[in-house]
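A.B. asks: What follows is run19.csv, made up of CSV, C-alpha atoms and all ligand atoms:
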```
chain,number,residue,atom,x,y,z
D,1,MET,CA,7.9,-11.8,-27.6
D,2,THR,CA,7.0,-15.2,-26.2
D,3,ALA,CA,3.3,-16.1,-26.3
D,4,ARG,CA,3.6,-18.3,-23.3
D,5,ASP,CA,0.7,-18.0,-20.9
D,6,THR,CA,1.4,-17.0,-17.3
D,7,ASP,CA,-0.8,-17.2,-14.3
D,8,TRP,CA,-1.5,-13.4,-14.4
D,9,ASP,CA,-1.8,-12.6,-18.1
D,10,GLY,CA,-4.6,-10.1,-17.8
D,11,VAL,CA,-3.1,-8.3,-14.8
D,12,ARG,CA,-1.5,-4.9,-15.3
D,13,LEU,CA,-1.2,-3.8,-11.7
D,14,HIS,CA,0.6,-6.2,-9.4
D,15,VAL,CA,0.3,-5.3,-5.7
D,16,VAL,CA,2.9,-7.0,-3.4
D,17,THR,CA,2.2,-7.3,0.3
D,18,GLY,CA,3.2,-9.6,3.1
D,19,LYS,CA,4.3,-9.4,6.7
D,20,GLY,CA,7.1,-6.9,7.4
D,21,GLY,CA,10.6,-8.2,6.6
D,22,THR,CA,9.5,-11.2,4.6
D,23,GLY,CA,10.9,-9.7,1.4
D,24,LYS,CA,8.1,-7.6,-0.2
D,25,THR,CA,10.5,-5.1,-1.7
D,26,THR,CA,12.9,-7.8,-2.9
D,27,VAL,CA,10.1,-9.9,-4.4
D,28,ALA,CA,8.4,-6.9,-6.0
D,29,ALA,CA,11.7,-6.0,-7.6
D,30,ALA,CA,12.2,-9.5,-8.8
D,31,LEU,CA,8.7,-9.7,-10.2
D,32,ALA,CA,9.2,-6.4,-12.0
D,33,LEU,CA,12.3,-7.8,-13.6
D,34,ALA,CA,10.5,-11.0,-14.5
D,35,LEU,CA,7.7,-9.1,-16.2
D,36,ALA,CA,10.2,-7.0,-18.1
D,37,HIS,CA,11.0,-9.7,-20.6
D,38,GLY,CA,10.6,-9.5,-24.4
D,39,GLY,CA,10.9,-5.8,-24.6
D,40,ARG,CA,8.2,-5.0,-22.1
D,41,LYS,CA,8.2,-1.9,-20.0
D,42,VAL,CA,7.5,-2.2,-16.3
D,43,LEU,CA,7.2,0.3,-13.6
D,44,LEU,CA,8.2,-0.6,-10.0
D,45,VAL,CA,6.6,1.6,-7.5
D,46,GLU,CA,7.6,2.1,-3.8
D,47,THR,CA,5.0,3.5,-1.4
D,48,GLU,CA,6.5,4.0,2.0
D,49,GLY,CA,9.1,6.6,1.2
D,50,ARG,CA,12.0,4.5,2.5
D,51,GLN,CA,14.1,4.3,-0.7
D,52,GLY,CA,14.3,0.6,-0.4
D,53,ILE,CA,14.3,0.2,-4.2
D,54,ALA,CA,17.1,2.6,-4.7
D,55,ARG,CA,19.2,0.7,-2.1
D,56,LEU,CA,18.3,-2.6,-3.7
D,57,PHE,CA,19.4,-1.5,-7.1
D,58,ASP,CA,22.4,0.3,-5.6
D,59,ARG,CA,21.2,3.7,-6.8
D,60,PRO,CA,21.1,7.1,-5.3
D,61,PRO,CA,17.7,8.0,-3.7
D,62,LEU,CA,14.9,8.1,-6.3
D,63,PRO,CA,13.3,11.4,-7.0
D,64,TYR,CA,9.5,11.7,-7.4
D,65,GLN,CA,10.0,10.8,-11.0
D,66,GLU,CA,10.0,7.7,-13.1
D,67,ARG,CA,13.6,6.5,-13.8
D,68,LYS,CA,15.0,3.6,-15.6
D,69,ILE,CA,16.8,1.3,-13.2
D,70,ALA,CA,17.3,-2.0,-14.8
D,71,ILE,CA,17.1,-4.1,-18.0
D,72,GLY,CA,14.9,-7.2,-18.1
D,73,PRO,CA,16.1,-10.6,-19.2
D,74,GLY,CA,16.6,-11.2,-22.9
D,75,GLU,CA,15.5,-14.6,-24.3
D,76,ALA,CA,17.5,-16.0,-27.0
D,77,ASP,CA,15.0,-18.7,-28.0
D,78,ASP,CA,13.5,-16.9,-31.0
D,79,GLY,CA,16.6,-14.9,-31.7
D,80,ARG,CA,14.6,-11.7,-31.7
D,81,ASP,CA,13.6,-11.3,-28.1
D,82,HIS,CA,15.3,-8.6,-26.2
D,83,GLY,CA,15.2,-7.6,-22.6
D,84,GLY,CA,12.6,-5.0,-21.5
D,85,GLU,CA,13.0,-2.1,-19.1
D,86,VAL,CA,12.3,-1.6,-15.5
D,87,TYR,CA,11.5,1.9,-14.4
D,88,ALA,CA,11.1,2.9,-10.7
D,89,LEU,CA,9.2,5.5,-8.8
D,90,ALA,CA,9.2,6.3,-5.1
D,91,ILE,CA,5.8,7.8,-4.3
D,92,ASP,CA,5.3,9.9,-1.2
D,93,PRO,CA,2.0,11.3,-0.2
D,94,GLU,CA,3.2,14.9,-0.5
D,95,GLY,CA,4.4,14.4,-4.0
D,96,ALA,CA,1.3,12.5,-4.9
D,97,LEU,CA,-0.9,15.4,-3.6
D,98,LEU,CA,1.0,17.9,-5.6
D,99,ASP,CA,0.7,15.7,-8.7
D,100,TYR,CA,-3.0,15.4,-8.0
D,101,LEU,CA,-3.5,19.1,-7.8
D,102,GLN,CA,-1.6,19.5,-11.0
D,103,MET,CA,-3.5,16.8,-12.8
D,104,PHE,CA,-7.0,18.0,-11.8
D,105,TYR,CA,-6.6,21.7,-11.2
D,106,ASN,CA,-3.4,22.5,-13.1
D,107,MET,CA,-2.1,24.1,-9.9
D,108,ARG,CA,1.1,22.5,-9.0
D,109,THR,CA,2.6,25.9,-8.2
D,110,ALA,CA,-0.2,26.6,-5.7
D,111,GLY,CA,0.4,23.1,-4.3
D,112,VAL,CA,4.1,23.8,-3.8
D,113,ALA,CA,3.1,27.0,-2.0
D,114,LEU,CA,0.8,25.0,0.2
D,115,ASN,CA,3.6,22.5,0.8
D,116,LYS,CA,5.9,25.3,2.0
D,117,LEU,CA,3.2,26.3,4.5
D,118,GLY,CA,3.0,22.8,5.7
D,119,MET,CA,-0.6,22.5,4.4
D,120,VAL,CA,0.2,19.3,2.5
D,121,ASP,CA,1.6,17.6,5.5
D,122,PHE,CA,-1.4,18.8,7.4
D,123,ALA,CA,-3.9,17.5,4.8
D,124,THR,CA,-2.2,14.1,4.6
D,125,THR,CA,-1.9,13.8,8.4
D,126,ILE,CA,-5.5,14.7,9.3
D,127,ALA,CA,-6.8,12.4,6.5
D,128,PRO,CA,-4.6,9.3,6.2
D,129,GLY,CA,-7.3,7.8,3.9
D,130,LEU,CA,-6.5,10.7,1.6
D,131,SER,CA,-2.8,10.0,1.4
D,132,ASP,CA,-3.6,6.3,0.6
D,133,VAL,CA,-5.9,7.2,-2.2
D,134,LEU,CA,-3.3,9.6,-3.6
D,135,VAL,CA,-0.6,6.9,-3.6
D,136,THR,CA,-2.9,4.2,-5.1
D,137,GLY,CA,-4.1,6.9,-7.4
D,138,LYS,CA,-0.6,7.5,-8.7
D,139,ALA,CA,-0.1,3.7,-9.3
D,140,THR,CA,-3.4,3.2,-11.1
D,141,GLU,CA,-2.8,6.3,-13.2
D,142,ALA,CA,0.6,4.8,-14.3
D,143,ALA,CA,-1.1,1.5,-15.1
D,144,ARG,CA,-3.7,3.3,-17.3
D,145,ARG,CA,-1.3,5.8,-18.9
D,146,ARG,CA,-1.2,5.7,-22.7
D,147,ARG,CA,1.6,6.5,-25.0
D,148,PRO,CA,1.1,8.7,-28.0
D,149,GLY,CA,0.6,5.7,-30.3
D,150,GLY,CA,-2.4,4.6,-28.2
D,151,GLY,CA,-1.2,1.5,-26.4
D,152,TYR,CA,-0.4,1.5,-22.7
D,153,LEU,CA,2.9,3.1,-21.7
D,154,TYR,CA,3.7,0.4,-19.2
D,155,ASP,CA,2.9,-3.2,-19.8
D,156,ALA,CA,2.7,-3.7,-16.1
D,157,VAL,CA,3.1,-1.8,-12.8
D,158,VAL,CA,4.4,-3.5,-9.7
D,159,LEU,CA,3.5,-1.9,-6.3
D,160,ASP,CA,5.7,-2.6,-3.3
D,161,ALA,CA,2.8,-2.1,-1.0
D,162,PRO,CA,2.3,-1.6,2.8
D,163,PRO,CA,2.4,-4.8,4.9
D,164,THR,CA,-0.5,-7.2,5.4
D,165,GLY,CA,-1.7,-5.4,8.5
D,166,ARG,CA,-2.5,-2.3,6.5
D,167,ILE,CA,-3.3,-3.7,3.0
D,168,GLY,CA,-7.0,-4.0,3.3
D,169,ARG,CA,-7.5,-0.3,4.3
D,170,PHE,CA,-4.8,0.8,1.8
D,171,LEU,CA,-6.6,-0.8,-1.1
D,172,ASN,CA,-10.2,-0.3,-0.1
D,173,VAL,CA,-10.0,3.3,-1.2
D,174,THR,CA,-13.7,3.9,-1.7
D,175,ALA,CA,-14.5,2.9,1.9
D,176,GLU,CA,-11.6,5.0,3.2
D,177,VAL,CA,-12.6,8.2,1.5
D,178,SER,CA,-16.4,7.8,1.9
D,179,GLY,CA,-16.1,9.4,5.4
D,180,LEU,CA,-14.1,12.2,3.8
D,181,ALA,CA,-15.9,13.1,0.7
D,182,LYS,CA,-19.3,12.0,-0.6
D,183,VAL,CA,-19.2,14.1,-3.7
D,184,GLY,CA,-16.7,16.2,-5.5
D,185,PRO,CA,-13.3,15.6,-7.2
D,186,VAL,CA,-11.8,13.6,-4.3
D,187,ARG,CA,-14.7,11.2,-4.4
D,188,THR,CA,-14.6,10.9,-8.2
D,189,HIS,CA,-10.9,10.3,-8.1
D,190,ALA,CA,-11.4,7.6,-5.4
D,191,ASP,CA,-14.0,5.9,-7.5
D,192,THR,CA,-11.7,5.9,-10.6
D,193,VAL,CA,-8.9,4.4,-8.5
D,194,ALA,CA,-11.3,1.8,-7.0
D,195,ASN,CA,-12.5,0.8,-10.4
D,196,VAL,CA,-8.9,-0.2,-11.4
D,197,ILE,CA,-8.0,-1.9,-8.1
D,198,LYS,CA,-11.2,-3.9,-7.9
D,199,SER,CA,-10.9,-5.2,-11.4
D,200,PRO,CA,-9.3,-8.3,-13.0
D,201,GLN,CA,-6.5,-5.9,-14.1
D,202,THR,CA,-5.2,-5.9,-10.5
D,203,ALA,CA,-3.9,-8.8,-8.4
D,204,VAL,CA,-2.7,-8.7,-4.8
D,205,HIS,CA,0.2,-11.1,-4.2
D,206,PHE,CA,1.4,-12.2,-0.7
D,207,VAL,CA,5.0,-12.7,0.2
D,208,SER,CA,5.5,-15.1,3.1
D,209,THR,CA,8.4,-17.1,4.6
D,210,LEU,CA,7.7,-20.6,5.9
D,211,GLU,CA,7.3,-19.4,9.5
D,212,GLU,CA,4.2,-19.4,11.6
D,213,MET,CA,3.6,-15.6,11.9
D,214,PRO,CA,4.0,-14.6,8.3
D,215,VAL,CA,1.9,-17.6,7.2
D,216,GLN,CA,-0.9,-16.6,9.6
D,217,GLU,CA,-0.8,-13.0,8.4
D,218,THR,CA,-1.0,-14.2,4.8
D,219,ILE,CA,-4.0,-16.4,5.5
D,220,ASP,CA,-5.7,-13.6,7.4
D,221,GLY,CA,-4.8,-11.0,4.7
D,222,ILE,CA,-6.2,-13.2,1.9
D,223,GLU,CA,-9.4,-13.7,3.9
D,224,GLU,CA,-9.7,-9.9,4.4
D,225,LEU,CA,-9.2,-9.1,0.7
D,226,ARG,CA,-11.6,-11.8,-0.4
D,227,ALA,CA,-14.3,-10.1,1.6
D,228,ILE,CA,-13.9,-6.9,-0.4
D,229,ALA,CA,-16.0,-7.2,-3.6
D,230,GLY,CA,-14.1,-7.2,-6.8
D,231,MET,CA,-10.6,-7.6,-5.2
D,232,GLN,CA,-8.5,-10.2,-6.9
D,233,VAL,CA,-6.1,-12.2,-4.6
D,234,GLY,CA,-3.0,-13.1,-6.6
D,235,GLY,CA,-0.3,-15.6,-5.8
D,236,ILE,CA,1.6,-16.6,-2.7
D,237,MET,CA,5.3,-16.1,-3.0
D,238,ILE,CA,7.1,-18.2,-0.5
D,239,ASN,CA,10.4,-16.4,0.1
D,240,MET,CA,13.7,-17.4,1.6
D,241,ALA,CA,12.9,-21.1,1.5
D,242,ARG,CA,15.9,-23.1,2.8
D,243,PRO,CA,17.2,-25.9,0.7
D,244,VAL,CA,16.1,-29.3,1.8
D,245,VAL,CA,19.3,-31.3,2.1
D,246,LEU,CA,17.5,-34.5,3.1
D,247,THR,CA,13.8,-35.3,2.5
D,248,ARG,CA,11.6,-36.6,5.3
D,249,GLU,CA,11.9,-40.1,3.8
D,250,GLU,CA,15.7,-39.9,3.7
D,251,LEU,CA,15.7,-38.7,7.3
D,252,LYS,CA,13.4,-41.5,8.4
D,253,GLY,CA,16.0,-44.0,7.0
D,254,ALA,CA,18.9,-42.2,8.8
D,255,PRO,CA,21.1,-44.5,11.0
D,256,ASP,CA,20.9,-44.2,14.8
D,257,VAL,CA,23.8,-42.9,16.9
D,258,PRO,CA,25.5,-46.3,17.5
D,259,ALA,CA,25.3,-47.1,13.8
D,260,LEU,CA,26.7,-43.7,12.9
D,261,ALA,CA,29.5,-44.1,15.4
D,262,ALA,CA,30.4,-47.5,14.0
D,263,ALA,CA,30.4,-46.2,10.5
D,264,LEU,CA,32.6,-43.2,11.5
D,265,LYS,CA,34.9,-45.6,13.3
D,266,GLY,CA,35.0,-47.8,10.3
D,267,ALA,CA,36.1,-44.8,8.2
D,268,GLY,CA,39.1,-44.5,10.6
D,269,LEU,CA,37.9,-41.3,12.5
D,270,HIS,CA,38.8,-40.7,16.1
D,271,ASN,CA,36.2,-39.4,18.6
D,272,SER,CA,33.6,-41.3,16.5
D,273,ASP,CA,31.1,-41.3,19.4
D,274,GLU,CA,31.2,-37.6,19.9
D,275,LEU,CA,31.0,-37.0,16.1
D,276,ALA,CA,28.1,-39.4,15.9
D,277,ALA,CA,26.2,-37.5,18.6
D,278,ALA,CA,26.9,-34.2,16.9
D,279,LEU,CA,25.7,-35.5,13.5
D,280,ALA,CA,22.6,-37.0,15.1
D,281,ASP,CA,21.8,-33.6,16.6
D,282,GLU,CA,22.2,-32.0,13.2
D,283,LEU,CA,20.0,-34.6,11.6
D,284,ALA,CA,17.3,-34.0,14.3
D,285,GLU,CA,17.5,-30.3,13.8
D,286,HIS,CA,17.2,-30.6,10.1
D,287,GLU,CA,14.3,-32.9,10.5
D,288,ARG,CA,12.4,-30.4,12.7
D,289,HIS,CA,13.1,-27.7,10.2
D,290,VAL,CA,11.9,-29.8,7.2
D,291,GLU,CA,8.8,-30.7,9.1
D,292,LEU,CA,8.0,-27.1,10.1
D,293,GLN,CA,8.5,-25.9,6.5
D,294,ASP,CA,6.3,-28.7,5.2
D,295,ARG,CA,3.6,-27.8,7.7
D,296,GLU,CA,3.6,-24.1,6.8
D,297,ARG,CA,3.7,-24.8,3.1
D,298,THR,CA,0.7,-27.0,3.4
D,299,GLU,CA,-1.2,-24.3,5.2
D,300,LEU,CA,-0.3,-21.8,2.5
D,301,GLU,CA,-1.4,-24.2,-0.2
D,302,ALA,CA,-4.7,-24.7,1.5
D,303,ALA,CA,-5.5,-21.0,0.7
D,304,GLY,CA,-6.1,-22.2,-2.8
D,305,GLN,CA,-4.0,-19.5,-4.6
D,306,PRO,CA,-1.1,-20.3,-6.9
D,307,VAL,CA,2.1,-20.8,-4.9
D,308,TYR,CA,5.6,-19.9,-6.0
D,309,GLU,CA,8.8,-20.7,-4.1
D,310,LEU,CA,11.9,-18.6,-4.0
D,311,PRO,CA,15.1,-19.8,-2.4
D,312,MET,CA,17.1,-18.1,0.4
D,313,ILE,CA,20.1,-16.6,-1.4
D,314,THR,CA,22.8,-16.9,1.2
D,315,GLU,CA,25.3,-14.6,-0.6
D,316,GLY,CA,22.8,-11.7,-0.1
D,317,ILE,CA,20.7,-9.8,-2.6
D,318,ASP,CA,22.4,-8.0,-5.4
D,319,LEU,CA,21.3,-7.4,-9.0
D,320,ALA,CA,22.4,-10.9,-10.0
D,321,ALA,CA,20.4,-12.4,-7.2
D,322,LEU,CA,17.3,-10.4,-8.3
D,323,HIS,CA,17.7,-11.8,-11.8
D,324,ARG,CA,17.9,-15.3,-10.3
D,325,LEU,CA,14.7,-14.7,-8.3
D,326,ALA,CA,13.1,-13.2,-11.4
D,327,ALA,CA,14.1,-16.3,-13.5
D,328,GLU,CA,12.4,-18.5,-10.8
D,329,LEU,CA,9.2,-16.5,-10.9
D,330,ARG,CA,9.2,-16.8,-14.7
D,331,ALA,CA,9.9,-20.6,-14.6
D,332,GLN,CA,7.1,-21.1,-12.2
D,333,GLY,CA,4.6,-19.2,-14.3
D,334,ALA,CA,4.2,-16.1,-12.1
D,335,ALA,CA,5.4,-13.8,-15.0
D,401,LIG,N1,15.3,-14.7,-1.2
D,401,LIG,C1,16.1,-14.0,-0.4
D,401,LIG,N2,17.3,-14.6,0.0
D,401,LIG,C2,18.1,-13.9,0.8
D,401,LIG,N3,17.8,-12.8,1.4
D,401,LIG,C3,16.6,-12.2,1.1
D,401,LIG,C4,15.7,-12.8,0.2
D,401,LIG,N4,14.6,-12.0,0.1
D,401,LIG,C5,14.9,-10.9,1.0
D,401,LIG,N5,16.1,-11.0,1.6
D,401,LIG,C6,16.6,-10.1,2.5
D,401,LIG,O1,15.7,-10.0,3.6
D,401,LIG,C7,15.7,-8.7,4.1
D,401,LIG,C8,14.3,-8.1,4.0
D,401,LIG,O2,13.9,-8.1,2.7
D,401,LIG,P1,13.0,-6.9,2.2
D,401,LIG,O3,13.5,-5.5,2.5
D,401,LIG,O4,12.7,-7.1,0.7
D,401,LIG,O5,11.7,-7.1,3.0
D,401,LIG,P2,10.4,-6.2,3.2
D,401,LIG,O6,9.2,-7.2,3.4
D,401,LIG,O7,10.3,-5.3,2.1
D,401,LIG,O8,10.7,-5.5,4.5
D,401,LIG,P3,10.0,-4.2,5.1
D,401,LIG,O9,8.7,-4.8,5.8
D,401,LIG,O10,10.9,-3.6,6.1
D,401,LIG,O11,9.6,-3.3,4.0
D,401,LIG,C9,16.7,-7.9,3.2
D,401,LIG,O12,17.9,-7.8,3.9
D,401,LIG,C10,16.8,-8.7,2.0
D,401,LIG,O13,18.0,-8.5,1.3
D,402,MG,MG,10.1,-3.2,2.0
```
The structure given in the file should be rewritten as structure tokens.

C.D. replies:
Amino acid sequence: MTARDTDWDGVRLHVVTGKGGTGKTTVAAALALALAHGGRKVLLVETEGRQGIARLFDRPPLPYQERKIAIGPGEADDGRDHGGEVYALAIDPEGALLDYLQMFYNMRTAGVALNKLGMVDFATTIAPGLSDVLVTGKATEAARRRRPGGGYLYDAVVLDAPPTGRIGRFLNVTAEVSGLAKVGPVRTHADTVANVIKSPQTAVHFVSTLEEMPVQETIDGIEELRAIAGMQVGGIMINMARPVVLTREELKGAPDVPALAAALKGAGLHNSDELAAALADELAEHERHVELQDRERTELEAAGQPVYELPMITEGIDLAALHRLAAELRAQGAA
């Protein structure tokens, strides 16, 4: 195992949020792979019951059960290092409630009966705060779970969490259930969960693209979490960054249309005027794009958290692409 420091060495629960569609599920999966180096065991948890992880890894829908879905990268540098393992779990509130009943009251069977009667649906619908605490409870339980030898079963747990608009309420479990239960097992459970979430063992990472809305949501989300005592804001993962073909400096030095036309003509091309105009348009478009990306990046950097940047993979996201993104995260110190 490599002894290299990463930015999040003490963190065991990585929560990944961000605006919808910015790549939370993809980045959470890449982060899980990145963390699963050197024989480590990582659990990737999905919370919204949409089977995004199964789709991503090209697997049939995941049951409410931890399943091995991928092997982490091996590192040949010390000759002994081998890839770790990524397990995945799709949590839904119903399954989590049944689990909870089993764990605390040893009454899964009763829970299943309640489920058949629609009681579980009912309970999670009237008390959305309850279903959040059940989901976060399952993730924190996995992060704390020990193996028979005594050490932690999972070296890290990565949570593909709800989007920025919901993340504060989702994670602020004590506040959410305080209206629900002041005493009793639900309250005790919520307090245990909160102790893990609001500790240095948990970090909340934000995925953003270099566009105005996701950047604004990231900045607002960071501010919201900073206001909750004990919550640790993690890194900002810029996703789907487009390659910069020409830097701003190079663009500044680009020839004007007549000069372009002359150069094209000199190269023996017909329609050199038309071509020059089209090229100039492309250059201007690229310049606007580079400027916009730079502006959004600067805003994200101003938040003062570590920033990582992941490229847009034009061929689409498959397992090889996930490994590529994982390698980027490792190289930039995120895992
Ligand atoms: N770095 C990338 N390069 C290319 N495509 C990407 C990249 N990251 C994500 N995508 C694609 O963008 C789309 C959205 O990604 P993803 O499902 O991970 O986002 P999400 O934030 O989890 O979305 P939702 O809010 O719906 O859960 C997917 O089609 C995914 O394959
Ligand atoms: Mg998703």

A.B. asks: Identify which of the residues D:Glu282, D:Glu176, D:Glu287, D:Asp160 lies closest to ligand LIG 401 (chain D), counting all atoms listed in the file when measuring atom-to-atom distances.

C.D. replies: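 Looking only at the distances to ligand LIG 401 (chain D), the closest residue turns out to be D:Asp160.
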
A.B. asks: Choose the residue, out of D:Pro163, D:Gly268, D:Gly72, D:Pro214, that has the smallest atom-to-atom separation from ligand MG 402 (chain D); count all atoms listed in the file.

C.D. replies: D:Pro163

A.B. asks: What does the list of residues within 7 Å of ligand LIG 401 (chain D) look like if you count all atoms listed in the file, written as a list in words?

C.D. replies: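 For ligand LIG 401 (chain D), the residues inside 7 Å are Gly18, Lys19, Gly20, Gly21, Thr22, Gly23, Lys24, Thr25, Thr26, Val27, Gly52, Pro163, Asn239, Met240, Leu310, Pro311, Met312, Ile313, Thr314, Gly316 and Ile317 of chain D.
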
A.B. asks: Calculated over only C-alpha atoms and all ligand atoms, which of the candidates D:Val45, D:Ile219, D:Val307, D:Leu283 has the smallest distance to ligand MG 402 (chain D)?

C.D. replies: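 Among D:Val45, D:Ile219, D:Val307, D:Leu283, it is D:Val45 that comes nearest to ligand MG 402 (chain D).
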
A.B. asks: Tell me which residues come within 12 Å of (12.8, -29.1, 10.6), as a PyMOL selection string, counting all atoms listed in the file in the file's coordinates.

C.D. replies: chain D and resi 210-211+242-248+251+281-296
